[in-house]
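Pasted below: entry01.cif, mmCIF, C-alpha atoms.
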```
data_my_file
loop_
_atom_site.label_atom_id
_atom_site.label_comp_id
_atom_site.auth_asym_id
_atom_site.auth_seq_id
_atom_site.Cartn_x
_atom_site.Cartn_y
_atom_site.Cartn_z
CA MET A 1 -38.46 3.48 22.01
CA ASN A 2 -37.06 1.08 24.59
CA ILE A 3 -34.74 -1.33 22.80
CA ALA A 4 -34.23 -3.51 25.87
CA ASP A 5 -37.94 -4.39 25.93
CA LEU A 6 -37.92 -5.31 22.22
CA VAL A 7 -34.85 -7.50 22.67
CA LYS A 8 -36.30 -9.25 25.72
CA LYS A 9 -39.58 -9.95 23.92
CA HIS A 10 -38.37 -11.07 20.47
CA ASP A 11 -34.67 -12.04 20.67
CA PRO A 12 -34.33 -15.21 22.80
CA GLU A 13 -30.80 -15.91 21.47
CA ASN A 14 -29.65 -12.40 22.41
CA LEU A 15 -28.29 -11.66 18.94
CA PHE A 16 -28.31 -8.05 20.09
CA ASP A 17 -25.12 -8.70 22.06
CA VAL A 18 -23.63 -10.60 19.12
CA LEU A 19 -24.11 -7.52 16.94
CA VAL A 20 -22.69 -5.16 19.57
CA ASN A 21 -19.57 -7.30 19.87
CA THR A 22 -19.08 -8.12 16.19
CA TYR A 23 -15.80 -6.17 16.24
CA SER A 24 -14.32 -9.01 18.33
CA GLN A 25 -14.75 -11.32 15.33
CA ILE A 26 -12.25 -9.17 13.43
CA GLU A 27 -9.84 -9.46 16.35
CA TYR A 28 -10.22 -13.25 16.33
CA SER A 29 -9.74 -13.79 12.59
CA SER A 30 -6.80 -11.44 12.48
CA ALA A 31 -5.00 -13.43 15.17
CA VAL A 32 -5.63 -16.97 13.88
CA THR A 33 -2.71 -19.05 12.67
CA VAL A 34 -3.65 -21.29 9.76
CA LYS A 35 -3.23 -24.97 10.53
CA GLY A 36 -1.00 -26.41 7.84
CA ILE A 37 1.20 -24.99 5.11
CA LEU A 38 -0.27 -22.42 2.76
CA PRO A 39 0.31 -23.14 -0.96
CA ASP A 40 2.89 -21.29 -3.01
CA ALA A 41 1.18 -18.14 -4.27
CA GLY A 42 3.60 -17.89 -7.20
CA LYS A 43 1.93 -20.86 -8.88
CA ILE A 44 -1.64 -19.59 -8.50
CA THR A 45 -3.35 -18.09 -11.55
CA ASN A 46 -6.86 -17.65 -10.13
CA VAL A 47 -8.86 -18.03 -6.93
CA ILE A 48 -12.32 -19.53 -6.44
CA ILE A 49 -14.12 -18.96 -3.16
CA THR A 50 -16.89 -21.55 -2.83
CA GLY A 51 -19.66 -21.35 -0.27
CA LEU A 52 -23.28 -20.44 0.32
CA GLY A 53 -25.06 -17.80 2.36
CA GLY A 54 -22.81 -15.78 4.65
CA SER A 55 -19.71 -17.66 3.48
CA ALA A 56 -20.34 -16.74 -0.15
CA ILE A 57 -21.31 -13.14 0.54
CA SER A 58 -18.02 -12.68 2.38
CA GLY A 59 -16.29 -13.62 -0.87
CA ASP A 60 -18.43 -11.17 -2.85
CA LEU A 61 -17.73 -8.39 -0.37
CA PHE A 62 -14.02 -9.20 -0.43
CA ARG A 63 -14.00 -9.04 -4.22
CA ASN A 64 -15.93 -5.73 -4.24
CA ILE A 65 -13.50 -4.07 -1.89
CA PHE A 66 -10.16 -5.42 -3.10
CA SER A 67 -10.66 -6.26 -6.79
CA ARG A 68 -8.66 -3.22 -7.91
CA GLU A 69 -5.54 -4.46 -6.12
CA LEU A 70 -5.79 -8.25 -6.13
CA LYS A 71 -2.84 -9.96 -7.81
CA VAL A 72 -5.01 -12.70 -9.40
CA PRO A 73 -8.67 -12.87 -10.50
CA VAL A 74 -11.14 -14.01 -7.82
CA SER A 75 -14.56 -15.56 -8.43
CA VAL A 76 -17.27 -16.83 -6.09
CA ASN A 77 -18.93 -20.22 -6.61
CA ARG A 78 -22.34 -21.11 -5.12
CA ASN A 79 -22.89 -24.57 -6.52
CA TYR A 80 -22.06 -28.27 -6.22
CA ASN A 81 -19.43 -28.19 -8.97
CA LEU A 82 -16.68 -25.87 -10.13
CA SER A 83 -16.19 -24.16 -13.47
CA GLU A 84 -14.17 -25.97 -16.11
CA PHE A 85 -11.22 -23.57 -15.70
CA ALA A 86 -10.57 -24.84 -12.16
CA ARG A 87 -7.27 -26.72 -12.39
CA GLU A 88 -3.99 -27.33 -10.56
CA ASN A 89 -3.09 -23.62 -10.58
CA THR A 90 -6.43 -22.67 -9.02
CA LEU A 91 -6.59 -21.79 -5.34
CA LEU A 92 -9.91 -23.14 -4.08
CA ILE A 93 -11.06 -21.64 -0.78
CA THR A 94 -13.88 -23.79 0.58
CA SER A 95 -15.82 -21.80 3.15
CA SER A 96 -18.57 -23.25 5.34
CA TYR A 97 -19.15 -22.06 8.89
CA SER A 98 -20.70 -25.35 9.97
CA GLY A 99 -18.46 -27.51 7.81
CA ALA A 100 -21.55 -29.42 6.72
CA THR A 101 -22.87 -27.40 3.74
CA GLU A 102 -23.55 -30.07 1.12
CA GLU A 103 -22.86 -27.85 -1.90
CA THR A 104 -19.49 -26.82 -0.45
CA LEU A 105 -18.54 -30.40 0.37
CA SER A 106 -19.36 -31.38 -3.20
CA ALA A 107 -17.28 -28.48 -4.56
CA PHE A 108 -14.39 -29.57 -2.31
CA ASP A 109 -14.52 -33.05 -3.83
CA ASP A 110 -14.65 -31.57 -7.32
CA GLY A 111 -11.62 -29.39 -6.57
CA LEU A 112 -9.78 -32.37 -5.17
CA LYS A 113 -10.35 -34.32 -8.40
CA ARG A 114 -9.18 -31.37 -10.47
CA GLY A 115 -5.96 -30.99 -8.49
CA CYS A 116 -6.78 -27.54 -7.10
CA LYS A 117 -4.79 -26.10 -4.23
CA ILE A 118 -7.32 -26.05 -1.40
CA ILE A 119 -7.73 -24.04 1.81
CA CYS A 120 -10.69 -24.61 4.14
CA ILE A 121 -12.41 -21.99 6.31
CA SER A 122 -14.73 -23.54 8.90
CA THR A 123 -15.45 -24.27 12.55
CA GLY A 124 -15.07 -28.00 11.97
CA GLY A 125 -17.35 -30.75 10.73
CA GLU A 126 -16.97 -32.87 7.62
CA LEU A 127 -15.21 -30.14 5.65
CA VAL A 128 -12.33 -29.94 8.12
CA ARG A 129 -12.18 -33.74 8.36
CA ARG A 130 -11.74 -33.99 4.58
CA ALA A 131 -9.18 -31.18 4.57
CA GLU A 132 -7.08 -32.80 7.29
CA GLN A 133 -7.38 -36.20 5.59
CA ASN A 134 -5.82 -34.66 2.47
CA SER A 135 -3.30 -32.45 4.34
CA PHE A 136 -4.90 -29.16 3.25
CA PRO A 137 -4.53 -26.07 5.44
CA VAL A 138 -7.46 -25.05 7.64
CA PHE A 139 -8.45 -21.62 8.92
CA GLU A 140 -10.46 -22.46 12.03
CA LEU A 141 -13.31 -20.05 12.76
CA GLN A 142 -14.64 -19.20 16.20
CA LYS A 143 -17.63 -21.35 17.14
CA GLY A 144 -20.98 -20.35 18.59
CA PHE A 145 -22.50 -18.03 15.96
CA GLN A 146 -25.27 -18.30 13.42
CA PRO A 147 -23.47 -18.21 10.04
CA ARG A 148 -25.02 -14.92 8.93
CA TYR A 149 -23.91 -13.33 12.20
CA SER A 150 -20.28 -14.33 11.58
CA LEU A 151 -19.47 -11.97 8.71
CA GLY A 152 -16.57 -10.51 10.68
CA LEU A 153 -15.05 -13.97 11.02
CA SER A 154 -15.38 -15.15 7.43
CA PHE A 155 -14.57 -11.84 5.70
CA PHE A 156 -11.48 -11.14 7.76
CA ALA A 157 -10.37 -14.77 7.41
CA LEU A 158 -10.12 -14.03 3.68
CA VAL A 159 -8.24 -10.79 4.38
CA SER A 160 -5.79 -12.71 6.55
CA ILE A 161 -5.26 -15.57 4.07
CA PHE A 162 -4.73 -13.32 1.05
CA SER A 163 -2.37 -11.05 2.99
CA LYS A 164 -0.29 -13.95 4.33
CA MET A 165 -0.02 -15.42 0.84
CA LYS A 166 1.06 -12.01 -0.56
CA LEU A 167 -1.88 -12.03 -2.95
CA LEU A 168 -2.89 -8.78 -1.27
CA SER A 169 -0.81 -6.08 0.37
CA ASP A 170 -0.57 -5.84 4.15
CA LYS A 171 -3.96 -4.85 5.60
CA SER A 172 -3.07 -4.41 9.27
CA GLU A 173 -3.96 -0.71 9.21
CA PHE A 174 -7.35 -1.45 7.64
CA VAL A 175 -7.99 -4.24 10.15
CA SER A 176 -7.22 -2.01 13.14
CA ALA A 177 -9.43 0.77 11.78
CA ALA A 178 -12.30 -1.67 11.12
CA ILE A 179 -12.12 -2.96 14.71
CA SER A 180 -12.32 0.59 16.09
CA LEU A 181 -15.12 1.50 13.68
CA TRP A 182 -17.37 -1.46 14.51
CA LYS A 183 -16.70 -1.07 18.23
CA GLU A 184 -17.74 2.59 18.14
CA MET A 185 -20.74 1.90 15.90
CA GLY A 186 -21.81 -0.97 18.15
CA ARG A 187 -22.09 1.44 21.08
CA GLU A 188 -23.98 3.98 19.00
CA LEU A 189 -26.40 1.61 17.26
CA SER A 190 -27.32 -0.26 20.45
CA SER A 191 -28.61 2.88 22.17
CA ASP A 192 -32.26 3.93 22.22
CA ASN A 193 -33.55 5.97 19.24
CA ASN A 194 -30.44 5.40 17.13
CA ARG A 195 -30.32 5.96 13.36
CA ALA A 196 -30.50 2.24 12.44
CA LEU A 197 -33.66 1.84 14.52
CA ASN A 198 -35.12 5.01 13.02
CA LEU A 199 -34.55 3.71 9.47
CA ALA A 200 -36.14 0.39 10.41
CA VAL A 201 -39.19 2.28 11.70
CA SER A 202 -39.40 4.20 8.41
CA LEU A 203 -39.38 0.91 6.47
CA LEU A 204 -42.27 -0.65 8.38
CA GLY A 205 -45.17 -1.72 6.20
CA SER A 206 -43.06 -1.87 3.03
CA VAL A 207 -41.02 -4.42 1.09
CA PRO A 208 -37.34 -3.37 1.20
CA VAL A 209 -35.56 -3.09 -2.16
CA VAL A 210 -31.79 -2.57 -1.94
CA TYR A 211 -29.83 -1.03 -4.81
CA GLY A 212 -26.04 -1.02 -5.00
CA VAL A 213 -23.58 -0.41 -7.83
CA SER A 214 -21.82 -3.16 -9.76
CA ASP A 215 -18.29 -3.90 -8.54
CA PHE A 216 -18.64 -1.37 -5.71
CA THR A 217 -21.62 -2.10 -3.47
CA ASP A 218 -23.61 -4.84 -5.22
CA ALA A 219 -22.33 -7.41 -2.69
CA ILE A 220 -23.66 -5.33 0.19
CA ALA A 221 -27.02 -5.02 -1.58
CA VAL A 222 -27.25 -8.82 -1.82
CA ARG A 223 -26.11 -9.20 1.79
CA ILE A 224 -28.76 -6.83 3.14
CA LYS A 225 -31.49 -8.31 0.96
CA SER A 226 -30.62 -11.69 2.49
CA GLN A 227 -30.53 -10.24 6.01
CA PHE A 228 -34.04 -8.86 5.54
CA ASN A 229 -35.09 -12.35 4.43
CA GLU A 230 -33.52 -14.28 7.31
CA ASN A 231 -33.69 -11.79 10.16
CA SER A 232 -36.95 -10.03 9.37
CA LYS A 233 -38.86 -12.88 7.68
CA ILE A 234 -39.91 -10.74 4.74
CA HIS A 235 -39.41 -10.75 1.01
CA SER A 236 -36.73 -8.33 -0.09
CA PHE A 237 -35.03 -7.70 -3.42
CA SER A 238 -31.72 -6.31 -4.63
CA ASN A 239 -30.20 -5.07 -7.85
CA ALA A 240 -27.33 -2.91 -9.05
CA PHE A 241 -26.73 0.21 -11.11
CA PRO A 242 -26.21 0.66 -14.01
CA GLU A 243 -27.76 -2.68 -15.03
CA LEU A 244 -31.11 -1.99 -13.34
CA ASN A 245 -31.50 1.09 -15.55
CA HIS A 246 -31.70 -1.23 -18.54
CA ASN A 247 -34.60 -3.33 -17.24
CA GLU A 248 -35.91 -3.06 -13.66
CA ILE A 249 -36.53 0.67 -13.88
CA ILE A 250 -39.52 -0.05 -16.15
CA GLY A 251 -41.18 -2.05 -13.40
CA TRP A 252 -41.60 1.13 -11.38
CA GLU A 253 -44.07 2.43 -13.96
CA THR A 254 -46.77 0.24 -12.39
CA HIS A 255 -45.70 0.42 -8.76
CA GLN A 256 -48.78 2.30 -7.58
CA SER A 257 -51.13 -0.34 -9.01
CA SER A 258 -49.00 -3.39 -8.19
CA GLY A 259 -49.72 -3.58 -4.48
CA LEU A 260 -46.03 -4.15 -3.76
CA ASN A 261 -45.60 -1.07 -1.54
CA ALA A 262 -41.82 -1.07 -1.79
CA SER A 263 -39.26 1.17 -0.12
CA VAL A 264 -35.84 1.58 -1.70
CA ILE A 265 -32.47 1.73 0.03
CA ILE A 266 -29.74 3.05 -2.29
CA LEU A 267 -26.12 2.47 -1.31
CA ASN A 268 -24.17 5.56 -2.32
CA ASP A 269 -20.45 6.28 -2.46
CA PRO A 270 -18.35 9.20 -3.77
CA GLU A 271 -16.12 6.88 -5.82
CA TYR A 272 -18.87 5.92 -8.26
CA HIS A 273 -18.53 7.03 -11.88
CA PRO A 274 -20.14 10.48 -12.39
CA GLN A 275 -22.71 8.99 -14.75
CA VAL A 276 -23.69 6.48 -12.07
CA HIS A 277 -24.38 9.36 -9.70
CA ARG A 278 -26.59 10.93 -12.35
CA ARG A 279 -28.38 7.60 -12.84
CA ILE A 280 -29.02 7.35 -9.10
CA THR A 281 -30.46 10.88 -8.95
CA ILE A 282 -32.74 10.41 -11.97
CA THR A 283 -33.89 6.94 -10.89
CA SER A 284 -34.61 8.13 -7.34
CA ASP A 285 -36.79 10.93 -8.67
CA LEU A 286 -38.71 8.47 -10.87
CA ILE A 287 -39.26 6.08 -7.96
CA ARG A 288 -40.45 8.84 -5.64
CA GLY A 289 -42.75 9.99 -8.41
CA GLU A 290 -44.40 6.57 -8.30
CA GLY A 291 -45.10 6.89 -4.58
CA ALA A 292 -42.25 4.87 -3.08
CA GLU A 293 -39.82 6.19 -0.50
CA VAL A 294 -36.10 6.24 -1.24
CA PHE A 295 -33.48 6.19 1.52
CA MET A 296 -29.83 6.98 0.74
CA VAL A 297 -27.19 5.21 2.81
CA GLU A 298 -23.60 6.40 2.47
CA GLY A 299 -20.53 5.79 4.60
CA GLN A 300 -18.60 8.67 6.10
CA GLN A 301 -15.18 7.07 6.53
CA SER A 302 -12.07 8.37 4.75
CA THR A 303 -11.42 5.25 2.63
CA TYR A 304 -13.65 3.18 0.37
CA ALA A 305 -12.88 -0.07 2.25
CA LEU A 306 -13.88 1.41 5.60
CA ARG A 307 -17.01 2.97 4.14
CA MET A 308 -18.05 -0.50 3.00
CA MET A 309 -17.48 -1.84 6.52
CA GLU A 310 -19.55 1.04 7.87
CA ILE A 311 -22.48 0.50 5.49
CA VAL A 312 -22.73 -3.28 5.85
CA TYR A 313 -22.59 -3.13 9.65
CA PHE A 314 -25.12 -0.29 9.85
CA LEU A 315 -27.60 -2.10 7.61
CA ASP A 316 -27.17 -5.38 9.49
CA TRP A 317 -28.50 -3.46 12.49
CA VAL A 318 -31.38 -2.10 10.41
CA THR A 319 -32.50 -5.62 9.42
CA TYR A 320 -32.23 -6.75 13.04
CA TYR A 321 -34.38 -3.92 14.32
CA PHE A 322 -36.82 -4.41 11.45
CA ALA A 323 -37.32 -7.99 12.72
CA LEU A 324 -38.01 -6.88 16.29
CA LEU A 325 -40.40 -4.15 15.17
CA ARG A 326 -42.32 -6.72 13.13
CA GLY A 327 -42.51 -9.02 16.16
CA LYS A 328 -40.15 -11.60 14.62
CA ASP A 329 -37.34 -13.59 16.22
CA PRO A 330 -34.20 -12.59 14.24
CA GLY A 331 -32.58 -15.93 14.99
CA GLU A 332 -35.32 -18.24 13.74
CA ILE A 333 -34.75 -19.92 10.34
CA ASP A 334 -37.27 -22.77 10.52
CA TYR A 335 -37.77 -23.15 6.76
CA ILE A 336 -34.03 -23.57 6.17
CA HIS A 337 -33.89 -26.30 8.83
CA LEU A 338 -36.96 -27.97 7.32
CA LEU A 339 -35.42 -27.91 3.84
CA LYS A 340 -32.18 -29.47 5.09
CA LYS A 341 -34.11 -32.17 6.93
CA LYS A 342 -36.11 -33.11 3.84
CA LEU A 343 -33.00 -33.10 1.62
CA ALA A 344 -31.35 -35.53 4.02
CA GLU A 345 -34.27 -37.99 3.94
#
```

How does the structure come out when it is put into structure tokens?
Amino acid sequence: MNIADLVKKHDPENLFDVLVNTYSQIEYSSAVTVKGILPDAGKITNVIITGLGGSAISGDLFRNIFSRELKVPVSVNRNYNLSEFARENTLLITSSYSGATEETLSAFDDGLKRGCKIICISTGGELVRRAEQNSFPVFELQKGFQPRYSLGLSFFALVSIFSKMKLLSDKSEFVSAAISLWKEMGRELSSDNNRALNLAVSLLGSVPVVYGVSDFTDAIAVRIKSQFNENSKIHSFSNAFPELNHNEIIGWETHQSSGLNASVIILNDPEYHPQVHRRITITSDLIRGEGAEVFMVEGQQSTYALRMMEIVYFLDWVTYYFALLRGKDPGEIDYIHLLKKKLAE
């Protein structure tokens, strides 16, 4: 299959090249100097990352990967207001690629009233204006990307901030390895008849369901579900083991008569609890027994963190190719623009 023809026909923004060069986003975020003075980490008792879409999923992915070594608890907020526990010892990281996300701006104002220590991650806009007006530090992101295609920027901005504040150990080795990994994968996955394209072909005609594991890969499952939505213009669903074994598994009993025609992508990793591996095997057999295909995706890197980088980047490519194969422009998000326009009226 000629990828160049698909890209020329359905990708007017050339997001293909953006994906190939995503590794450069890691290089950028790892080199940025924060504008302003970072708060004293010794006085911080918890961290809230507030944002929507790609900005929020970066926080979820960060928490999945580093929760076992973070010095303070980290939560992700996706709303206009903060939880009641947000106070003067809370570090509030307000993340909005555009700097204009209304929920994030509202959460910023709420954090300001509560006396939170605030850091902003953005390309500019109203969020940066408010941060500078109140002398809060700003991590300035590289401009020119659609927010969901800037995961490398927003995720590694968090890695940089937490490392510089000593809330996380030095991650320079991980950063260098991630750059090399995404650069190599970009070459591989942009070639004709690659494995991401082949998986996308296998998914055609079905509704993708993505299953991860709580606290390990559930953030990636949500990310890829959202990428299928935005890139491929299709409904997609996600859930996580072991919780889905206590409810959603029953839904598969009627799959053949439901008309859903789902395919399942299961995110696997050797570090899961042994019982989780057993759950995955048993559940996969049940799903296949109901006529749905199950595809296992597992990273091959030597560390858990790098395997997560491998899986999320690979599946981003899958959702991109799935869009092209379905004749959809992976950059178009007309309904989101329409919603924002009507909200502003």

Would you pick out the contacts of A:Thr45 at 7 Å or less, using all atoms listed in the file, so that residues sharing its chain but fewer than 2 positions from it are not included, and give the list as a ChimeraX atom specification? /A:43,72,89-90

Using atom CA of A:Asn46 and atom CA of A:Pro73 as the two end points, give the distance in Å to one decimal.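 Distance reported for this atom pair: 5.1 Å.
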
Shell around stretch 170-182 of chain A at 6 Å using all atoms listed in the file, local window under 4 positions removed, as a list in words: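 Once the adjacent positions are removed, what remains is Tyr23, Ser163 and Gly186 of chain A.
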
Between A:Val159, A:Lys35, A:Arg68, A:Tyr211, single out the one closest to A:Val128, counting all atoms listed in the file.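 For A:Val128, the nearest of the given residues is A:Lys35.
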
Identify, on the basis of only C-alpha atoms, every residue whose closest approach to A:His255 does not exceed 9 Å; exclude the query and any residue fewer than 5 positions from it along the same chain; express the result as a PyMOL selection string. chain A and resi 260-262+287+290-292

Å distance separating atom CA of A:Gly54 from atom CA of A:Asp110, one decimal place: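 Separating atom CA of A:Gly54 from atom CA of A:Asp110 is a distance of 21.4 Å.
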
Residue members of the PyMOL selection byres ((chain A and resi 266-283) around 10) in the file shown, as a PDB file with C-alpha atoms, keeping the file's coordinate frame:
```pdb
ATOM      1  CA  VAL A 209     -35.560  -3.090  -2.160  1.00  0.00           C
ATOM      2  CA  VAL A 210     -31.790  -2.570  -1.940  1.00  0.00           C
ATOM      3  CA  TYR A 211     -29.830  -1.030  -4.810  1.00  0.00           C
ATOM      4  CA  GLY A 212     -26.040  -1.020  -5.000  1.00  0.00           C
ATOM      5  CA  VAL A 213     -23.580  -0.410  -7.830  1.00  0.00           C
ATOM      6  CA  SER A 214     -21.820  -3.160  -9.760  1.00  0.00           C
ATOM      7  CA  ASP A 215     -18.290  -3.900  -8.540  1.00  0.00           C
ATOM      8  CA  PHE A 216     -18.640  -1.370  -5.710  1.00  0.00           C
ATOM      9  CA  THR A 217     -21.620  -2.100  -3.470  1.00  0.00           C
ATOM     10  CA  ASP A 218     -23.610  -4.840  -5.220  1.00  0.00           C
ATOM     11  CA  ILE A 220     -23.660  -5.330   0.190  1.00  0.00           C
ATOM     12  CA  ALA A 221     -27.020  -5.020  -1.580  1.00  0.00           C
ATOM     13  CA  SER A 238     -31.720  -6.310  -4.630  1.00  0.00           C
ATOM     14  CA  ASN A 239     -30.200  -5.070  -7.850  1.00  0.00           C
ATOM     15  CA  ALA A 240     -27.330  -2.910  -9.050  1.00  0.00           C
ATOM     16  CA  PHE A 241     -26.730   0.210 -11.110  1.00  0.00           C
ATOM     17  CA  PRO A 242     -26.210   0.660 -14.010  1.00  0.00           C
ATOM     18  CA  LEU A 244     -31.110  -1.990 -13.340  1.00  0.00           C
ATOM     19  CA  ASN A 245     -31.500   1.090 -15.550  1.00  0.00           C
ATOM     20  CA  ILE A 249     -36.530   0.670 -13.880  1.00  0.00           C
ATOM     21  CA  TRP A 252     -41.600   1.130 -11.380  1.00  0.00           C
ATOM     22  CA  SER A 263     -39.260   1.170  -0.120  1.00  0.00           C
ATOM     23  CA  VAL A 264     -35.840   1.580  -1.700  1.00  0.00           C
ATOM     24  CA  ILE A 265     -32.470   1.730   0.030  1.00  0.00           C
ATOM     25  CA  SER A 284     -34.610   8.130  -7.340  1.00  0.00           C
ATOM     26  CA  ASP A 285     -36.790  10.930  -8.670  1.00  0.00           C
ATOM     27  CA  LEU A 286     -38.710   8.470 -10.870  1.00  0.00           C
ATOM     28  CA  ILE A 287     -39.260   6.080  -7.960  1.00  0.00           C
ATOM     29  CA  ARG A 288     -40.450   8.840  -5.640  1.00  0.00           C
ATOM     30  CA  GLY A 289     -42.750   9.990  -8.410  1.00  0.00           C
ATOM     31  CA  VAL A 294     -36.100   6.240  -1.240  1.00  0.00           C
ATOM     32  CA  PHE A 295     -33.480   6.190   1.520  1.00  0.00           C
ATOM     33  CA  MET A 296     -29.830   6.980   0.740  1.00  0.00           C
ATOM     34  CA  VAL A 297     -27.190   5.210   2.810  1.00  0.00           C
ATOM     35  CA  GLU A 298     -23.600   6.400   2.470  1.00  0.00           C
ATOM     36  CA  GLY A 299     -20.530   5.790   4.600  1.00  0.00           C
ATOM     37  CA  GLN A 300     -18.600   8.670   6.100  1.00  0.00           C
ATOM     38  CA  THR A 303     -11.420   5.250   2.630  1.00  0.00           C
ATOM     39  CA  TYR A 304     -13.650   3.180   0.370  1.00  0.00           C
ATOM     40  CA  ARG A 307     -17.010   2.970   4.140  1.00  0.00           C
ATOM     41  CA  MET A 308     -18.050  -0.500   3.000  1.00  0.00           C
ATOM     42  CA  ILE A 311     -22.480   0.500   5.490  1.00  0.00           C
ATOM     43  CA  VAL A 312     -22.730  -3.280   5.850  1.00  0.00           C
TER      44      VAL A 312
END
```

Distance query A:Ser96 at most 8 Å, all atoms listed in the file, self and fewer than 4 positions along chain excluded, as a compact mmCIF listing (two decimals) with C-alpha atoms, in the frame of the given file:
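That gives us part_26.txt:
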```
# COMPACT_ATOMS: atom_id res chain seq x y z
CA GLY A 51 -19.66 -21.35 -0.27
CA LEU A 52 -23.28 -20.44 0.32
CA SER A 55 -19.71 -17.66 3.48
CA ALA A 100 -21.55 -29.42 6.72
CA THR A 101 -22.87 -27.40 3.74
CA THR A 104 -19.49 -26.82 -0.45
CA ILE A 121 -12.41 -21.99 6.31
CA SER A 122 -14.73 -23.54 8.90
CA THR A 123 -15.45 -24.27 12.55
CA LEU A 127 -15.21 -30.14 5.65
```

Would you mind completing stretch 283-300 of chain A so that it carries N, CA and C atoms, and writing it out as a tab-separated table (two decimals), keeping the file's coordinate frame?
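result_33.tsv, written as the output of this step:
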```tsv
chain	number	residue	atom	x	y	z
A	283	THR	N	-33.08	8.10	-11.27
A	283	THR	CA	-33.89	6.94	-10.89
A	283	THR	C	-34.62	7.19	-9.58
A	284	SER	N	-33.96	7.82	-8.62
A	284	SER	CA	-34.61	8.13	-7.34
A	284	SER	C	-35.82	9.03	-7.54
A	285	ASP	N	-35.67	10.03	-8.39
A	285	ASP	CA	-36.79	10.93	-8.67
A	285	ASP	C	-37.96	10.17	-9.30
A	286	LEU	N	-37.65	9.25	-10.23
A	286	LEU	CA	-38.71	8.47	-10.87
A	286	LEU	C	-39.44	7.59	-9.85
A	287	ILE	N	-38.67	6.97	-8.97
A	287	ILE	CA	-39.26	6.08	-7.96
A	287	ILE	C	-40.14	6.87	-7.00
A	288	ARG	N	-39.63	8.00	-6.54
A	288	ARG	CA	-40.45	8.84	-5.64
A	288	ARG	C	-41.71	9.32	-6.35
A	289	GLY	N	-41.59	9.56	-7.63
A	289	GLY	CA	-42.75	9.99	-8.41
A	289	GLY	C	-43.83	8.93	-8.49
A	290	GLU	N	-43.43	7.67	-8.28
A	290	GLU	CA	-44.40	6.57	-8.30
A	290	GLU	C	-44.89	6.21	-6.90
A	291	GLY	N	-44.55	7.06	-5.92
A	291	GLY	CA	-45.10	6.89	-4.58
A	291	GLY	C	-44.30	6.06	-3.62
A	292	ALA	N	-43.09	5.66	-3.98
A	292	ALA	CA	-42.25	4.87	-3.08
A	292	ALA	C	-41.20	5.76	-2.43
A	293	GLU	N	-40.86	5.43	-1.20
A	293	GLU	CA	-39.82	6.19	-0.50
A	293	GLU	C	-38.45	5.68	-0.89
A	294	VAL	N	-37.49	6.59	-0.93
A	294	VAL	CA	-36.10	6.24	-1.24
A	294	VAL	C	-35.22	6.75	-0.10
A	295	PHE	N	-34.39	5.85	0.43
A	295	PHE	CA	-33.48	6.19	1.52
A	295	PHE	C	-32.04	6.01	1.03
A	296	MET	N	-31.24	7.04	1.13
A	296	MET	CA	-29.83	6.98	0.74
A	296	MET	C	-28.98	6.59	1.94
A	297	VAL	N	-28.12	5.62	1.76
A	297	VAL	CA	-27.19	5.21	2.81
A	297	VAL	C	-25.78	5.35	2.26
A	298	GLU	N	-24.97	6.14	2.93
A	298	GLU	CA	-23.60	6.40	2.47
A	298	GLU	C	-22.66	6.43	3.66
A	299	GLY	N	-21.51	5.78	3.54
A	299	GLY	CA	-20.53	5.79	4.60
A	299	GLY	C	-19.81	7.12	4.69
A	300	GLN	N	-19.28	7.40	5.87
A	300	GLN	CA	-18.60	8.67	6.10
A	300	GLN	C	-17.10	8.52	6.34
```
